[in-house]
Amino acid sequence: MRIVRIDDEGKKYGIVDGKNVLMIDGGLIKTLKIDDAKLLPPCEITKAVCVGLNYGDHIEEMGDKRPDEPTLFIKPATAVIGPDDYIVIPKMSERVDYEGELAVVIKNTAKDVSEDEAINYVLGYTIANDVTARDLQSKDGQWTRAKSFDTFLPLGPWIETDLDPSNLEIKTYVNGKLKQHSNTKHLIFSVPKLVSFISHVMTLNPGDVILTGTPAGVGPLNSGDIVTIEIEGIGKLTNKVK
């Protein structure tokens with residue numbers, strides 16, 4: 001099942017049915033063509049918990065060491081935008097990068113859950129772009145400012161609930177050119193491991209997302225670019241840059 005959130009005289013949830021969206025509206029089922037719908041970020045987060053350095057090839061390109069435990073940071077809810085929204089390059093940065101990632105959407109409040117139980121707390125999966133001011137990341141020596149600008153967390157296009165996250169092809173394109181190409185089977189820390197580990201650090205709320213990390217091939221975005229992330233079994237997330 002694909003759960004979508006759209007702007008239709010207010011923010012509403014629906015189910016994707018082929019080329020249509022089915023919604024309950026005033027007790028009635030309303031049908032919209034998905035091409036005519038304004039897609040919003042598919043969930044309302046209190047936080048995005050992100051995992052850095054979770055693909056070996058990305059660790060190599062960044063010159064870092066393989067971590068013994070997941071490396072965590074947070075993006076605020078104010079960074080979230082939806083499909084086709086603009087990523088805005090901040091004036092204080094001279095290098096803004098794309099990072100295509102699989103995102104896990106939390107279903108139930110999760111605190112201190114075991115790895116075996118973790119999947120029961122997952123609603124489904126969506127696509128994320130962990131946009132990063134790379135120059136500021138290097139300058140600051142920590143990642144908060146570089147990761148937290150408004151528009152730096154595109155999410156979408158919907159939540160896919162029926163999916164095995166352990167073997168999914170992931171690609172990132174900029175202006176139609178392939179920049180990243182990998183598979184979630186190369187994740188160092190699996191989805192159940194991440195949900196469990198993070199839940200022992202902080203409470204995960206319904207609608208929160210976990211960004212599972214990006215593979216090699218990260219690179220810069222410039223005003224006028226179009227960036228598309230495609231994940232097998234989910235679809236495509238496209239955003240323009242200005």
# chains A, B, ... in the order shown; residues from 1 in each chain; ligands from 1
$ residues_around --residues "Ile89 of chain A" --least-positions-apart "2" --cutoff "8 Å" --atoms "only C-alpha atoms" --output "PyMOL selection string"
chain A and resi 87+91+93+96+222-223+241-242
$ closest_atom_pairs --of "segment 122-201 of chain A" --to "segment 60-65 of chain A" --cutoff "12 Å" --atoms "only C-alpha atoms" --output "CSV"
residue,atom,partner,partner_atom,distance
A:Arg134,CA,A:Met62,CA,10.9
A:Gln137,CA,A:Met62,CA,11.8
A:Ser138,CA,A:Met62,CA,10.9
$ closest_residue --among "A:Met1, A:Val105, A:Leu168, A:Val51" --to "Val21 of chain A" --atoms "only C-alpha atoms"
A:Met1
$ select_by_dssp --residues "segment 33-100 of chain A" --states "alpha helix (DSSP H)" --output "number ranges by chain"
A: 56-62
$ residues_around --residues "Asn167 of chain A" --least-positions-apart "4" --cutoff "12 Å" --atoms "only C-alpha atoms" --output "ChimeraX atom specification"
/A:102,163,182-187,190-191,231-233
$ closest_residue --among "A:Lys107, A:Lys75, A:Lys193, A:Lys240" --to "Asn175 of chain A" --atoms "only C-alpha atoms"
A:Lys240
$ atom_distance --atom1 "atom CA of Asn108 of chain A" --atom2 "atom CA of Val122 of chain A"
7.3 Å
$ residues_around --residues "Ala128 of chain A" --least-positions-apart "6" --cutoff "6 Å" --atoms "only C-alpha atoms" --output "number ranges by chain"
A: 101, 103, 154-155
$ atom_distance --atom1 "atom CA of Leu211 of chain A" --atom2 "atom CA of Asp225 of chain A"
22.9 Å
$ decode --residues "segment 58-204 of chain A" --atoms "C-alpha atoms" --output "PDB file, in the first residue's frame"
ATOM      1  CA  HIS A  58      30.819   6.530   0.906  1.00  0.00           C
ATOM      2  CA  ILE A  59      33.120   6.178   3.910  1.00  0.00           C
ATOM      3  CA  GLU A  60      36.038   5.755   1.520  1.00  0.00           C
ATOM      4  CA  GLU A  61      35.147   8.800  -0.589  1.00  0.00           C
ATOM      5  CA  MET A  62      34.795  10.948   2.545  1.00  0.00           C
ATOM      6  CA  GLY A  63      38.092   9.700   4.013  1.00  0.00           C
ATOM      7  CA  ASP A  64      36.459   8.472   7.219  1.00  0.00           C
ATOM      8  CA  LYS A  65      36.741   5.280   9.256  1.00  0.00           C
ATOM      9  CA  ARG A  66      34.129   2.514   9.393  1.00  0.00           C
ATOM     10  CA  PRO A  67      32.121   3.117  12.581  1.00  0.00           C
ATOM     11  CA  ASP A  68      31.589   0.504  15.297  1.00  0.00           C
ATOM     12  CA  GLU A  69      28.130   1.930  16.029  1.00  0.00           C
ATOM     13  CA  PRO A  70      25.713   4.018  13.936  1.00  0.00           C
ATOM     14  CA  THR A  71      26.783   7.653  13.609  1.00  0.00           C
ATOM     15  CA  LEU A  72      23.707   9.786  14.328  1.00  0.00           C
ATOM     16  CA  PHE A  73      22.637  13.358  13.711  1.00  0.00           C
ATOM     17  CA  ILE A  74      19.270  15.098  13.507  1.00  0.00           C
ATOM     18  CA  LYS A  75      17.527  17.255  10.949  1.00  0.00           C
ATOM     19  CA  PRO A  76      14.714  19.507  12.193  1.00  0.00           C
ATOM     20  CA  ALA A  77      11.131  19.375  10.975  1.00  0.00           C
ATOM     21  CA  THR A  78      11.606  22.835   9.438  1.00  0.00           C
ATOM     22  CA  ALA A  79      13.990  21.327   6.855  1.00  0.00           C
ATOM     23  CA  VAL A  80      11.257  19.153   5.302  1.00  0.00           C
ATOM     24  CA  ILE A  81       9.861  19.830   1.828  1.00  0.00           C
ATOM     25  CA  GLY A  82       7.846  17.670  -0.548  1.00  0.00           C
ATOM     26  CA  PRO A  83       8.114  16.459  -4.123  1.00  0.00           C
ATOM     27  CA  ASP A  84       8.703  19.198  -6.713  1.00  0.00           C
ATOM     28  CA  ASP A  85       9.428  21.786  -4.020  1.00  0.00           C
ATOM     29  CA  TYR A  86      12.578  23.880  -4.340  1.00  0.00           C
ATOM     30  CA  ILE A  87      15.819  23.185  -2.527  1.00  0.00           C
ATOM     31  CA  VAL A  88      17.162  26.640  -1.683  1.00  0.00           C
ATOM     32  CA  ILE A  89      20.934  27.142  -1.583  1.00  0.00           C
ATOM     33  CA  PRO A  90      21.762  29.316   1.440  1.00  0.00           C
ATOM     34  CA  LYS A  91      23.849  32.434   0.910  1.00  0.00           C
ATOM     35  CA  MET A  92      26.378  31.387   3.563  1.00  0.00           C
ATOM     36  CA  SER A  93      27.341  28.185   1.713  1.00  0.00           C
ATOM     37  CA  GLU A  94      29.418  27.750  -1.431  1.00  0.00           C
ATOM     38  CA  ARG A  95      29.018  23.958  -1.723  1.00  0.00           C
ATOM     39  CA  VAL A  96      25.666  22.217  -1.297  1.00  0.00           C
ATOM     40  CA  ASP A  97      25.511  18.462  -2.001  1.00  0.00           C
ATOM     41  CA  TYR A  98      22.764  15.918  -2.703  1.00  0.00           C
ATOM     42  CA  GLU A  99      22.635  12.647  -0.767  1.00  0.00           C
ATOM     43  CA  GLY A 100      20.061  10.083  -1.910  1.00  0.00           C
ATOM     44  CA  GLU A 101      18.765   7.853   0.885  1.00  0.00           C
ATOM     45  CA  LEU A 102      16.147   5.316   1.913  1.00  0.00           C
ATOM     46  CA  ALA A 103      14.007   6.704   4.744  1.00  0.00           C
ATOM     47  CA  VAL A 104      12.194   4.614   7.348  1.00  0.00           C
ATOM     48  CA  VAL A 105       8.841   5.974   8.597  1.00  0.00           C
ATOM     49  CA  ILE A 106       7.952   5.130  12.202  1.00  0.00           C
ATOM     50  CA  LYS A 107       4.451   3.783  12.963  1.00  0.00           C
ATOM     51  CA  ASN A 108       4.286   3.459  16.747  1.00  0.00           C
ATOM     52  CA  THR A 109       6.080   5.156  19.614  1.00  0.00           C
ATOM     53  CA  ALA A 110       9.385   3.295  19.911  1.00  0.00           C
ATOM     54  CA  LYS A 111      11.486   3.284  23.075  1.00  0.00           C
ATOM     55  CA  ASP A 112      14.098   0.655  23.950  1.00  0.00           C
ATOM     56  CA  VAL A 113      12.833  -1.845  21.365  1.00  0.00           C
ATOM     57  CA  SER A 114      14.824  -4.941  20.509  1.00  0.00           C
ATOM     58  CA  GLU A 115      16.233  -5.596  17.068  1.00  0.00           C
ATOM     59  CA  ASP A 116      13.834  -8.530  16.689  1.00  0.00           C
ATOM     60  CA  GLU A 117      10.844  -6.306  17.491  1.00  0.00           C
ATOM     61  CA  ALA A 118      11.993  -3.265  15.529  1.00  0.00           C
ATOM     62  CA  ILE A 119      10.183  -3.964  12.259  1.00  0.00           C
ATOM     63  CA  ASN A 120       6.835  -3.873  14.122  1.00  0.00           C
ATOM     64  CA  TYR A 121       7.425  -0.166  14.720  1.00  0.00           C
ATOM     65  CA  VAL A 122       7.905   0.638  11.028  1.00  0.00           C
ATOM     66  CA  LEU A 123       4.999   1.951   8.965  1.00  0.00           C
ATOM     67  CA  GLY A 124       6.885   1.892   5.682  1.00  0.00           C
ATOM     68  CA  TYR A 125       9.533   3.552   3.567  1.00  0.00           C
ATOM     69  CA  THR A 126       9.973   6.697   1.526  1.00  0.00           C
ATOM     70  CA  ILE A 127      12.768   8.536  -0.305  1.00  0.00           C
ATOM     71  CA  ALA A 128      14.900  11.259   1.243  1.00  0.00           C
ATOM     72  CA  ASN A 129      17.519  13.700   0.044  1.00  0.00           C
ATOM     73  CA  ASP A 130      19.900  14.552   2.884  1.00  0.00           C
ATOM     74  CA  VAL A 131      20.941  17.902   1.416  1.00  0.00           C
ATOM     75  CA  THR A 132      24.195  19.077   2.984  1.00  0.00           C
ATOM     76  CA  ALA A 133      26.215  22.302   2.992  1.00  0.00           C
ATOM     77  CA  ARG A 134      29.490  20.433   2.596  1.00  0.00           C
ATOM     78  CA  ASP A 135      31.760  23.421   3.136  1.00  0.00           C
ATOM     79  CA  LEU A 136      30.054  24.275   6.413  1.00  0.00           C
ATOM     80  CA  GLN A 137      30.199  20.656   7.537  1.00  0.00           C
ATOM     81  CA  SER A 138      33.970  20.757   7.142  1.00  0.00           C
ATOM     82  CA  LYS A 139      34.276  24.204   8.689  1.00  0.00           C
ATOM     83  CA  ASP A 140      32.189  23.477  11.777  1.00  0.00           C
ATOM     84  CA  GLY A 141      33.617  20.045  12.553  1.00  0.00           C
ATOM     85  CA  GLN A 142      30.093  18.876  13.400  1.00  0.00           C
ATOM     86  CA  TRP A 143      27.031  18.615  11.234  1.00  0.00           C
ATOM     87  CA  THR A 144      24.130  20.570  12.715  1.00  0.00           C
ATOM     88  CA  ARG A 145      24.335  23.757  10.667  1.00  0.00           C
ATOM     89  CA  ALA A 146      25.315  21.982   7.446  1.00  0.00           C
ATOM     90  CA  LYS A 147      22.320  19.642   7.588  1.00  0.00           C
ATOM     91  CA  SER A 148      19.591  21.846   9.036  1.00  0.00           C
ATOM     92  CA  PHE A 149      18.811  24.664   6.608  1.00  0.00           C
ATOM     93  CA  ASP A 150      15.201  25.086   5.534  1.00  0.00           C
ATOM     94  CA  THR A 151      14.471  22.931   2.435  1.00  0.00           C
ATOM     95  CA  PHE A 152      17.376  20.549   3.204  1.00  0.00           C
ATOM     96  CA  LEU A 153      15.140  17.484   3.663  1.00  0.00           C
ATOM     97  CA  PRO A 154      13.028  16.597   0.633  1.00  0.00           C
ATOM     98  CA  LEU A 155      10.782  13.593   1.386  1.00  0.00           C
ATOM     99  CA  GLY A 156       8.417  11.635  -0.840  1.00  0.00           C
ATOM    100  CA  PRO A 157       6.618  10.885  -2.985  1.00  0.00           C
ATOM    101  CA  TRP A 158       4.679   8.530  -0.645  1.00  0.00           C
ATOM    102  CA  ILE A 159       5.086   5.864   2.011  1.00  0.00           C
ATOM    103  CA  GLU A 160       5.375   2.319   0.677  1.00  0.00           C
ATOM    104  CA  THR A 161       4.208  -0.079   3.402  1.00  0.00           C
ATOM    105  CA  ASP A 162       4.785  -3.418   1.654  1.00  0.00           C
ATOM    106  CA  LEU A 163       8.518  -3.522   1.103  1.00  0.00           C
ATOM    107  CA  ASP A 164      11.620  -5.433   2.188  1.00  0.00           C
ATOM    108  CA  PRO A 165      14.297  -2.738   2.727  1.00  0.00           C
ATOM    109  CA  SER A 166      17.251  -5.122   2.671  1.00  0.00           C
ATOM    110  CA  ASN A 167      17.846  -5.309  -1.099  1.00  0.00           C
ATOM    111  CA  LEU A 168      16.701  -2.201  -2.968  1.00  0.00           C
ATOM    112  CA  GLU A 169      18.463  -0.463  -5.836  1.00  0.00           C
ATOM    113  CA  ILE A 170      19.032   3.249  -5.219  1.00  0.00           C
ATOM    114  CA  LYS A 171      19.982   5.846  -7.824  1.00  0.00           C
ATOM    115  CA  THR A 172      20.472   9.612  -7.848  1.00  0.00           C
ATOM    116  CA  TYR A 173      20.335  11.721 -10.998  1.00  0.00           C
ATOM    117  CA  VAL A 174      21.250  15.387 -11.467  1.00  0.00           C
ATOM    118  CA  ASN A 175      19.917  16.920 -14.666  1.00  0.00           C
ATOM    119  CA  GLY A 176      19.311  13.404 -15.977  1.00  0.00           C
ATOM    120  CA  LYS A 177      22.881  12.198 -15.353  1.00  0.00           C
ATOM    121  CA  LEU A 178      23.392   9.230 -13.029  1.00  0.00           C
ATOM    122  CA  LYS A 179      25.467  10.277  -9.996  1.00  0.00           C
ATOM    123  CA  GLN A 180      24.804   7.588  -7.378  1.00  0.00           C
ATOM    124  CA  HIS A 181      24.031   3.918  -7.932  1.00  0.00           C
ATOM    125  CA  SER A 182      24.035   1.340  -5.163  1.00  0.00           C
ATOM    126  CA  ASN A 183      21.849  -1.077  -3.225  1.00  0.00           C
ATOM    127  CA  THR A 184      20.605  -1.159   0.358  1.00  0.00           C
ATOM    128  CA  LYS A 185      22.165  -4.605   0.727  1.00  0.00           C
ATOM    129  CA  HIS A 186      25.414  -2.686   1.217  1.00  0.00           C
ATOM    130  CA  LEU A 187      24.172  -0.898   4.352  1.00  0.00           C
ATOM    131  CA  ILE A 188      26.571  -1.460   7.239  1.00  0.00           C
ATOM    132  CA  PHE A 189      23.760  -1.221   9.805  1.00  0.00           C
ATOM    133  CA  SER A 190      20.398  -2.709   8.786  1.00  0.00           C
ATOM    134  CA  VAL A 191      16.988  -1.089   9.248  1.00  0.00           C
ATOM    135  CA  PRO A 192      16.085  -3.237  12.309  1.00  0.00           C
ATOM    136  CA  LYS A 193      19.468  -2.465  13.866  1.00  0.00           C
ATOM    137  CA  LEU A 194      18.993   1.268  13.316  1.00  0.00           C
ATOM    138  CA  VAL A 195      15.455   1.380  14.710  1.00  0.00           C
ATOM    139  CA  SER A 196      16.527  -0.549  17.796  1.00  0.00           C
ATOM    140  CA  PHE A 197      19.741   1.402  18.344  1.00  0.00           C
ATOM    141  CA  ILE A 198      18.118   4.811  17.959  1.00  0.00           C
ATOM    142  CA  SER A 199      15.178   3.850  20.205  1.00  0.00           C
ATOM    143  CA  HIS A 200      17.680   3.191  23.000  1.00  0.00           C
ATOM    144  CA  VAL A 201      18.982   6.748  22.549  1.00  0.00           C
ATOM    145  CA  MET A 202      15.740   8.679  22.082  1.00  0.00           C
ATOM    146  CA  THR A 203      12.028   8.024  21.755  1.00  0.00           C
ATOM    147  CA  LEU A 204      10.858   7.740  18.169  1.00  0.00           C
TER     148      LEU A 204
END
